[in-house]
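Trainee: Have a look at the structure that comes next, please.
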There are 2 protein chains.
Amino acid sequence: MKYKHKTMLTVLALFLSMVTLFAQPPRGPFVRSPEVHSDHSVTFRYLAPDAKEVKLSGQFQKEPVMMTKGDQGIWSVKVGPVKPDIYPYSFQVDGVNVMDPANVAFFPNERFKGSLVDIPGDTPLIHTMQDVPHGTITYEYYQASKGTTGKLVVYTPPGYDYNSSTKYPVFYLISGTTDTEEDWFKVGKTNNILDNLIAQQKARPMIIVMPYGNIDARVAEQKGGQKPNDPVRGDAEGDRRQDDFGDDLVNFVIPYIDANYRTIKNKDSRAIGGFSRGGGQTLRTAFGHMDTFSWICCYSAYLTTEVMEKTYPFIAGNVAKTNKDLKLLWVSVGDEDFLYKETMVFLDYLKLHKVNHKSLISGGGHTWMNTKLYLSETAQMLFK
Amino acid sequence: MKYKHKTMLTVLALFLSMVTLFAQPPRGPFVRSPEVHSDHSVTFRYLAPDAKEVKLSGQFQKEPVMMTKGDQGIWSVKVGPVKPDIYPYSFQVDGVNVMDPANVAFFPNERFKGSLVDIPGDTPLIHTMQDVPHGTITYEYYQASKGTTGKLVVYTPPGYDYNSSTKYPVFYLISGTTDTEEDWFKVGKTNNILDNLIAQQKARPMIIVMPYGNIDARVAEQKGGQKPNDPVRGDAEGDRRQDDFGDDLVNFVIPYIDANYRTIKNKDSRAIGGFSRGGGQTLRTAFGHMDTFSWICCYSAYLTTEVMEKTYPFIAGNVAKTNKDLKLLWVSVGDEDFLYKETMVFLDYLKLHKVNHKSLISGGGHTWMNTKLYLSETAQMLFK
């Protein structure tokens, strides 16, 4: 008799045991969250029988909203309809910020923890996985600068594995401050966007290489010592950090990719882009290596006039050469982005000096909703 | 003058802005956590000026420990020395369970949120990234059962890309209840373990395929309807779910891998293994497809005598054939695992019926510390 229960009954015990270790409260009803409704409204739920106040904080709304306690201690709130997109959100439980325990989709970040809610459109959005051929995402480790091992996330387009002689152009794509090398994949949905654009014949098949942006942090982690506690700063030390990134990319990442992937190894088949800090790194790396990249995509970032005049005077100084060297210089920003004004100044500088460029001023702020939009727009221009 | 500040000053503003959206409290000092000391003790820190009580919960200790509030509202506790390994942990802030906001290493799971602390050994542990040739991890999407798109995480060994004609054996490796397809990579460190074992010539180069284990949840997510709120159950419906997994693996995953990777396509070059629910799925899938796998690795799981007698009577009934068909039947469990007794009963059943097998009873419980140990032991036996 002692053997008569089946495997899965004890696995239920296992599940409860694991919950005991981590979840709060340790046991209770299963919670479905987020629940996206067909009218694009969303119900969020959080189990907290003993909490006094639970709020929902999300990038689809200006301010956190109060949640209401219901049966079994499950707090909930229904919001929207919300414009279809993928949004970061979190709960504030008695003032403590938490991810949604019931949701596995998360925002990789070194300083904050957020979950992601995906509100599908009535027709598929460009970042939605559709029934088209899929490329793959590969996590790579490479010998990086300063004696460290670096991490890369690499997108290869559909058919890459089958076409063993086809060579591809490469887009180096950098995330922002406190992001990791995973954000363009996990939050930016680079693979879905490219799969869909390629299936629609709107983008050329390309390889996309997504590096980690904080060289100092990697050195501290692997070689000992303190991680930099001021990830960004406006002095010579800040410039040195930016340029350390460029050195790593040009002298270690690109040779690694060219040795291990079927790439077209020339300037006109190489693009660089990035969001936020990654946008600044994009501009500095590209302007600092004008023989390496012909395509530049700067999302929600800029360089100051002072930096342009002092460090990169040749961009405006020999504009004929600049315009010949660059096949695309793209700058985009949201009209509610806190970098909007500075980015407009940068655009004015480019206009004043007749540096060819394309720009997009979108609605919204300094968000990954805009970042996905910018990637989907620029990916259609590259290598054409 | 209005342009004279540099890019990075505004990126600092950006960082603070993003912190405002997610972190709690919104602004404050940078927090280093976890800080692992050379004597294997660890300091954990959490910024919460307004919290009344903060505890540390970690799988390196039996009970949560209180943290102490210090300067600037940073709570901290120093624990250990702790036996070197990678451990899940979380904070309990006024009773609310949270991941460590300062730590990017996390435990992918559908129900709880935990961070990971890596305490290195004085000599490198088998799961520690070392200066050896590295394989790669690839995220794949495949046409799966029931009209869905499935996800796979695939390890290819060092040199896979260079040896364009070498074919490899394949190990299908399944995670546990509420885990995702990422856990063997992110928590189990499959790639590091194999890289190191292959460099030491202790394991054969192999491909490892890590699927997602919950078919019903995938169908609900992609086709609509409620996700199952009882992930495991002990009735016919539970068996159906287990067998749905096996059908997906045998009829969709294996053909996809064989079509897209350079695999050796026979039974003796195919292994299956898994932890917890994945261990149960391993046994059912292998016993249900005795022509498909020659190597079986069951970690912290078992089948009951009733199931063995009713569903798989031929295993003990024709033991000569079983022992000829299987090159390895491995069963391991921790002596503090809540499934210890049931697993010992399963081992007794195998002994009684003279079914060839190998077993390991380790210290500890139903943990990923043990899971990594079991992988590193069994990977050395496979395909030899």
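The way I read the labels, and the way they are meant: chains A, B, ... in the order of the structure tokens, residue 1 as the first residue of every chain, and ligand 1 as the first ligand shown, with later ones counted on from there.
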Neighbours of Asp195 in chain A within 9 Å (only C-alpha atoms; same-chain residues fewer than 4 positions away dropped), as a short mmCIF file (atom, residue, chain, number, x, y, z; two decimals) with N, CA and C atoms, in the first residue's frame?
Mentor:
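The result, stored in selection-v1.cif:
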data_model
loop_
_atom_site.label_atom_id
_atom_site.label_comp_id
_atom_site.auth_asym_id
_atom_site.auth_seq_id
_atom_site.Cartn_x
_atom_site.Cartn_y
_atom_site.Cartn_z
N HIS A 127 7.16 42.81 -33.51
CA HIS A 127 7.99 42.05 -32.56
C HIS A 127 7.32 40.76 -32.09
N MET A 129 6.12 36.96 -32.25
CA MET A 129 6.52 35.74 -32.94
C MET A 129 5.40 35.27 -33.86
N GLN A 130 5.71 35.13 -35.13
CA GLN A 130 4.70 34.72 -36.10
C GLN A 130 5.12 33.42 -36.77
N VAL A 132 6.60 32.24 -39.28
CA VAL A 132 7.58 32.50 -40.34
C VAL A 132 8.85 31.73 -39.99
N PRO A 133 9.76 31.58 -40.93
CA PRO A 133 11.03 30.92 -40.56
C PRO A 133 11.75 31.71 -39.46
N HIS A 134 12.28 30.98 -38.49
CA HIS A 134 12.94 31.62 -37.35
C HIS A 134 14.45 31.51 -37.44
N GLY A 135 15.12 32.60 -37.13
CA GLY A 135 16.55 32.55 -36.90
C GLY A 135 16.83 32.00 -35.52
N PRO A 157 20.21 34.72 -39.01
CA PRO A 157 18.90 34.75 -39.67
C PRO A 157 18.44 33.35 -40.08
N PRO A 158 17.14 33.22 -40.40
CA PRO A 158 16.63 31.92 -40.87
C PRO A 158 17.47 31.43 -42.05
N THR A 190 14.80 41.33 -30.70
CA THR A 190 15.55 41.45 -31.94
C THR A 190 15.29 40.29 -32.89
N ASN A 191 15.26 39.09 -32.34
CA ASN A 191 15.09 37.93 -33.21
C ASN A 191 13.72 37.92 -33.88
N ALA A 199 11.03 37.85 -43.40
CA ALA A 199 9.94 37.10 -44.06
C ALA A 199 9.13 37.99 -44.99
N GLN A 200 8.99 39.27 -44.60
CA GLN A 200 8.25 40.23 -45.44
C GLN A 200 9.14 40.85 -46.51
N PRO A 205 18.66 39.63 -44.86
CA PRO A 205 19.17 38.73 -43.82
C PRO A 205 20.52 39.23 -43.32
#
Trainee: Extract the full set of helix (DSSP H, G or I) residues from range 237-307 of chain B according to DSSP on the backbone, and format it as a PyMOL selection string.
Mentor: chain B and resi 237-260+267-269+277-288+305-307
Trainee: Only C-alpha atoms, please: the residues just picked out, written as a PDB file, in the first residue's frame.
Mentor:
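Below is the file out-v8.pdb, written as the result:
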ATOM      1  CA  GLU B 237      -4.725  13.314 -16.644  1.00  0.00           C
ATOM      2  CA  GLY B 238      -1.282  13.608 -15.030  1.00  0.00           C
ATOM      3  CA  ASP B 239      -0.068  10.596 -16.996  1.00  0.00           C
ATOM      4  CA  ARG B 240      -1.476  12.127 -20.179  1.00  0.00           C
ATOM      5  CA  ARG B 241       0.542  15.293 -19.544  1.00  0.00           C
ATOM      6  CA  GLN B 242       3.723  13.310 -18.993  1.00  0.00           C
ATOM      7  CA  ASP B 243       3.140  11.375 -22.179  1.00  0.00           C
ATOM      8  CA  ASP B 244       2.315  14.557 -24.107  1.00  0.00           C
ATOM      9  CA  PHE B 245       5.807  15.680 -23.217  1.00  0.00           C
ATOM     10  CA  GLY B 246       7.304  12.427 -24.489  1.00  0.00           C
ATOM     11  CA  ASP B 247       5.363  12.682 -27.741  1.00  0.00           C
ATOM     12  CA  ASP B 248       6.593  16.225 -28.299  1.00  0.00           C
ATOM     13  CA  LEU B 249      10.179  15.202 -27.595  1.00  0.00           C
ATOM     14  CA  VAL B 250      10.225  12.093 -29.761  1.00  0.00           C
ATOM     15  CA  ASN B 251       8.066  13.299 -32.647  1.00  0.00           C
ATOM     16  CA  PHE B 252       9.046  16.972 -32.874  1.00  0.00           C
ATOM     17  CA  VAL B 253      12.197  17.841 -30.916  1.00  0.00           C
ATOM     18  CA  ILE B 254      14.387  14.932 -32.017  1.00  0.00           C
ATOM     19  CA  PRO B 255      13.488  15.260 -35.723  1.00  0.00           C
ATOM     20  CA  TYR B 256      14.159  19.014 -35.519  1.00  0.00           C
ATOM     21  CA  ILE B 257      17.539  18.502 -33.883  1.00  0.00           C
ATOM     22  CA  ASP B 258      18.490  15.712 -36.269  1.00  0.00           C
ATOM     23  CA  ALA B 259      17.572  17.943 -39.219  1.00  0.00           C
ATOM     24  CA  ASN B 260      19.398  21.032 -37.967  1.00  0.00           C
ATOM     25  CA  LYS B 267      19.711   4.942 -30.166  1.00  0.00           C
ATOM     26  CA  ASP B 268      23.196   4.375 -28.788  1.00  0.00           C
ATOM     27  CA  SER B 269      24.094   8.004 -29.451  1.00  0.00           C
ATOM     28  CA  ARG B 277       9.413  16.446 -12.877  1.00  0.00           C
ATOM     29  CA  GLY B 278      11.965  16.185 -15.693  1.00  0.00           C
ATOM     30  CA  GLY B 279      13.254  12.992 -14.083  1.00  0.00           C
ATOM     31  CA  GLY B 280       9.780  11.502 -14.165  1.00  0.00           C
ATOM     32  CA  GLN B 281       9.408  12.611 -17.778  1.00  0.00           C
ATOM     33  CA  THR B 282      12.797  11.054 -18.501  1.00  0.00           C
ATOM     34  CA  LEU B 283      11.784   7.642 -17.180  1.00  0.00           C
ATOM     35  CA  ARG B 284       8.363   7.637 -18.852  1.00  0.00           C
ATOM     36  CA  THR B 285       9.706   8.881 -22.178  1.00  0.00           C
ATOM     37  CA  ALA B 286      12.631   6.441 -22.194  1.00  0.00           C
ATOM     38  CA  PHE B 287      10.615   3.409 -21.068  1.00  0.00           C
ATOM     39  CA  GLY B 288       7.887   4.395 -23.504  1.00  0.00           C
ATOM     40  CA  THR B 305       6.146   0.231  -8.318  1.00  0.00           C
ATOM     41  CA  GLU B 306       2.516   0.481  -9.444  1.00  0.00           C
ATOM     42  CA  VAL B 307       3.483   2.442 -12.552  1.00  0.00           C
TER      43      VAL B 307
END
Trainee: If we count only C-alpha atoms and set the cut-off at 12 Å, which residues sit around Asn370 in chain A, ignoring sequence neighbours fewer than 3 positions away in its own chain? Please answer as a PyMOL selection string.
Mentor: chain A and resi 59+85-87+187-188+275-276+299-300+332-337+360-367+373-377
Trainee: Give me a file of those residues, with C-alpha atoms, as a short mmCIF file (atom, residue, chain, number, x, y, z; two decimals), in the first residue's frame.
Mentor:
data_model
loop_
_atom_site.label_atom_id
_atom_site.label_comp_id
_atom_site.auth_asym_id
_atom_site.auth_seq_id
_atom_site.Cartn_x
_atom_site.Cartn_y
_atom_site.Cartn_z
CA GLN A 59 5.39 51.90 -18.32
CA ASP A 85 3.18 46.56 -27.09
CA ILE A 86 5.53 44.96 -24.58
CA TYR A 87 5.81 46.96 -21.34
CA VAL A 187 13.22 42.95 -24.08
CA GLY A 188 14.05 44.21 -27.59
CA PHE A 275 20.19 52.57 -27.19
CA SER A 276 20.90 55.15 -24.50
CA TYR A 299 18.68 55.47 -30.56
CA SER A 300 17.79 57.93 -27.77
CA SER A 332 15.92 58.92 -33.18
CA VAL A 333 14.37 60.00 -29.91
CA GLY A 334 10.96 60.19 -28.26
CA ASP A 335 9.33 63.58 -27.80
CA GLU A 336 8.92 62.83 -24.08
CA ASP A 337 12.45 61.46 -23.68
CA LEU A 360 12.77 59.97 -36.38
CA ILE A 361 11.04 61.83 -33.56
CA SER A 362 8.53 59.41 -32.11
CA GLY A 363 5.99 59.81 -29.35
CA GLY A 364 6.84 58.57 -25.88
CA GLY A 365 9.92 58.49 -23.74
CA HIS A 366 13.20 56.76 -23.09
CA THR A 367 11.70 53.29 -23.32
CA LEU A 373 10.34 50.76 -33.03
CA TYR A 374 13.73 52.24 -33.89
CA LEU A 375 15.25 48.82 -34.53
CA SER A 376 12.39 47.80 -36.78
CA GLU A 377 12.70 51.05 -38.78
#
Trainee: I'd like the contact shell of range 42-44 of chain B - 12 Å cut-off, only C-alpha atoms, skipping same-chain residues fewer than 2 positions apart - returned as a PyMOL selection string.
Mentor: chain B and resi 31-40+46-47+54-58+60+65-69+74-84+87+89-91+99-103+115-120
Trainee: So how far away is CA of Glu181 in chain A from CA of Leu152 in chain A, in Å?
Mentor: 6.3 Å
Trainee: Report as JSON, numbers by chain all protein, DNA and RNA residues lying within 7 Å of Ile272 in chain B, evaluated on only C-alpha atoms, omitting residues in the same chain fewer than 6 positions from it.
Mentor: {"B": [171, 172, 173, 282, 293, 295, 296, 297]}
Trainee: Hey, can you spit out that residue selection with N, CA and C atoms as a compact mmCIF listing (two decimals), in the first residue's frame?
Mentor:
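Saved as result20.txt:
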# COMPACT_ATOMS: atom_id res chain seq x y z
N PHE B 171 22.32 14.55 -25.94
CA PHE B 171 21.75 14.33 -24.60
C PHE B 171 20.56 15.28 -24.46
N TYR B 172 19.35 14.73 -24.32
CA TYR B 172 18.15 15.53 -24.09
C TYR B 172 17.95 15.67 -22.58
N LEU B 173 17.92 16.91 -22.10
CA LEU B 173 18.05 17.18 -20.66
C LEU B 173 16.92 18.12 -20.21
N THR B 282 11.70 11.84 -17.94
CA THR B 282 12.80 11.05 -18.50
C THR B 282 12.46 9.57 -18.48
N PHE B 293 16.29 5.65 -26.95
CA PHE B 293 17.37 6.08 -26.05
C PHE B 293 18.08 4.86 -25.44
N TRP B 295 20.60 5.64 -23.06
CA TRP B 295 21.20 6.19 -21.84
C TRP B 295 20.15 6.99 -21.11
N ILE B 296 19.91 6.65 -19.82
CA ILE B 296 18.85 7.27 -19.03
C ILE B 296 19.44 7.83 -17.74
N CYS B 297 19.21 9.11 -17.49
CA CYS B 297 19.73 9.75 -16.27
C CYS B 297 18.56 10.37 -15.50
Trainee: What is the distance between CA of Arg270 in chain B and CA of Leu303 in chain B, in Å to one decimal?
Mentor: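 CA of Arg270 in chain B sits 21.3 Å away from CA of Leu303 in chain B.
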Trainee: Could you check the closest approach to chain A for each of B:Tyr212, B:Tyr302, B:Tyr160, B:Phe185 and tell me which residue wins, using only C-alpha atoms?
Mentor: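 Under the stated criterion, the closest residue is B:Tyr302.
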Trainee: Need the shell around range 348-354 of chain A: protein/DNA/RNA residues with any atom at most 10 Å away, counting only C-alpha atoms. Skip same-chain ones fewer than 3 positions apart. Format as a ChimeraX atom specification?
Mentor: /A:303-305,308,315-320,322-323,329,342-345,357
Trainee: Which of these residues is nearest to Gln222 in chain B, using only C-alpha atoms: B:Val96, B:Ile137, B:Val331, B:Ala144?
Mentor: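 Of B:Val96, B:Ile137, B:Val331, B:Ala144, the one nearest Gln222 in chain B, counting only C-alpha atoms, is B:Ala144.
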Trainee: For Gly147 in chain A, which residue among B:Ser164, B:Thr371, B:Tyr340, B:Asp131 is the nearest when counting only C-alpha atoms?
Mentor: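 Among B:Ser164, B:Thr371, B:Tyr340, B:Asp131, it is B:Asp131 that comes nearest to Gly147 in chain A.
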Trainee: Tell me which of A:Ala48, A:Ile215, A:Ile198, A:Ile264 sits closest to chain B, counting only C-alpha atoms.
Mentor: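 Of all the options, A:Ala48 lies closest to chain B.
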Trainee: Mind checking DSSP for range 247-321 of chain B and telling me the strand (DSSP E or B) residues as a list in words?
Mentor: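 In range 247-321 of chain B, DSSP puts these residues in strand (DSSP E or B): Thr263, Arg270, Ala271, Ile272, Gly273, Gly274, Phe275, Trp295, Ile296, Cys297, Cys298 and Tyr299 of chain B.
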Trainee: Export, as a CSV table (one decimal), in the first residue's frame, the selected residues with N, CA and C atoms.
Mentor:
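Output (selection_22.csv):
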chain,number,residue,atom,x,y,z
B,263,THR,N,24.1,15.4,-35.9
B,263,THR,CA,23.9,14.4,-34.9
B,263,THR,C,24.2,13.0,-35.4
B,270,ARG,N,22.1,8.5,-28.2
B,270,ARG,CA,21.0,9.4,-27.7
B,270,ARG,C,20.8,9.1,-26.3
B,271,ALA,N,20.9,10.1,-25.4
B,271,ALA,CA,20.6,10.0,-24.0
B,271,ALA,C,19.5,10.9,-23.6
B,272,ILE,N,18.8,10.6,-22.5
B,272,ILE,CA,17.8,11.4,-22.0
B,272,ILE,C,18.0,11.5,-20.4
B,273,GLY,N,17.8,12.7,-19.9
B,273,GLY,CA,17.9,12.9,-18.5
B,273,GLY,C,17.1,14.1,-18.0
B,274,GLY,N,16.9,14.1,-16.7
B,274,GLY,CA,16.1,15.3,-16.2
B,274,GLY,C,16.0,15.3,-14.7
B,275,PHE,N,15.7,16.4,-14.2
B,275,PHE,CA,15.6,16.7,-12.7
B,275,PHE,C,14.1,16.8,-12.3
B,295,TRP,N,20.6,5.6,-23.1
B,295,TRP,CA,21.2,6.2,-21.8
B,295,TRP,C,20.1,7.0,-21.1
B,296,ILE,N,19.9,6.6,-19.8
B,296,ILE,CA,18.8,7.3,-19.0
B,296,ILE,C,19.4,7.8,-17.7
B,297,CYS,N,19.2,9.1,-17.5
B,297,CYS,CA,19.7,9.8,-16.3
B,297,CYS,C,18.6,10.4,-15.5
B,298,CYS,N,18.2,9.8,-14.4
B,298,CYS,CA,17.1,10.2,-13.6
B,298,CYS,C,17.6,10.9,-12.3
B,299,TYR,N,17.4,12.2,-12.2
B,299,TYR,CA,17.9,13.0,-11.1
B,299,TYR,C,16.8,13.4,-10.1
Trainee: So that I can see what lies close to range 139-141 of chain A, please list as a list in words the residues with an atom at most 7 Å from it, counting only C-alpha atoms and leaving out residues fewer than 4 positions away in the same chain.
Mentor: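 The residues satisfying every condition are Thr149, Gly150, Lys151, Leu152, Val153 and Val154 of chain A; His134, Thr136, Ile137 and Thr138 of chain B.
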Trainee: In terms of the shortest atom-to-atom distance over only C-alpha atoms, which of B:Gln61, B:Phe338, B:Asn266, B:Asp216 is closest to chain A?
Mentor: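 Looking only at the distances to chain A, the closest residue turns out to be B:Phe338.
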Trainee: What does the distance from CA of Val98 in chain A to CA of Pro29 in chain B come to in Å, to one decimal?
Mentor: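 So the two atoms, CA of Val98 in chain A and CA of Pro29 in chain B, lie 19.0 Å apart.
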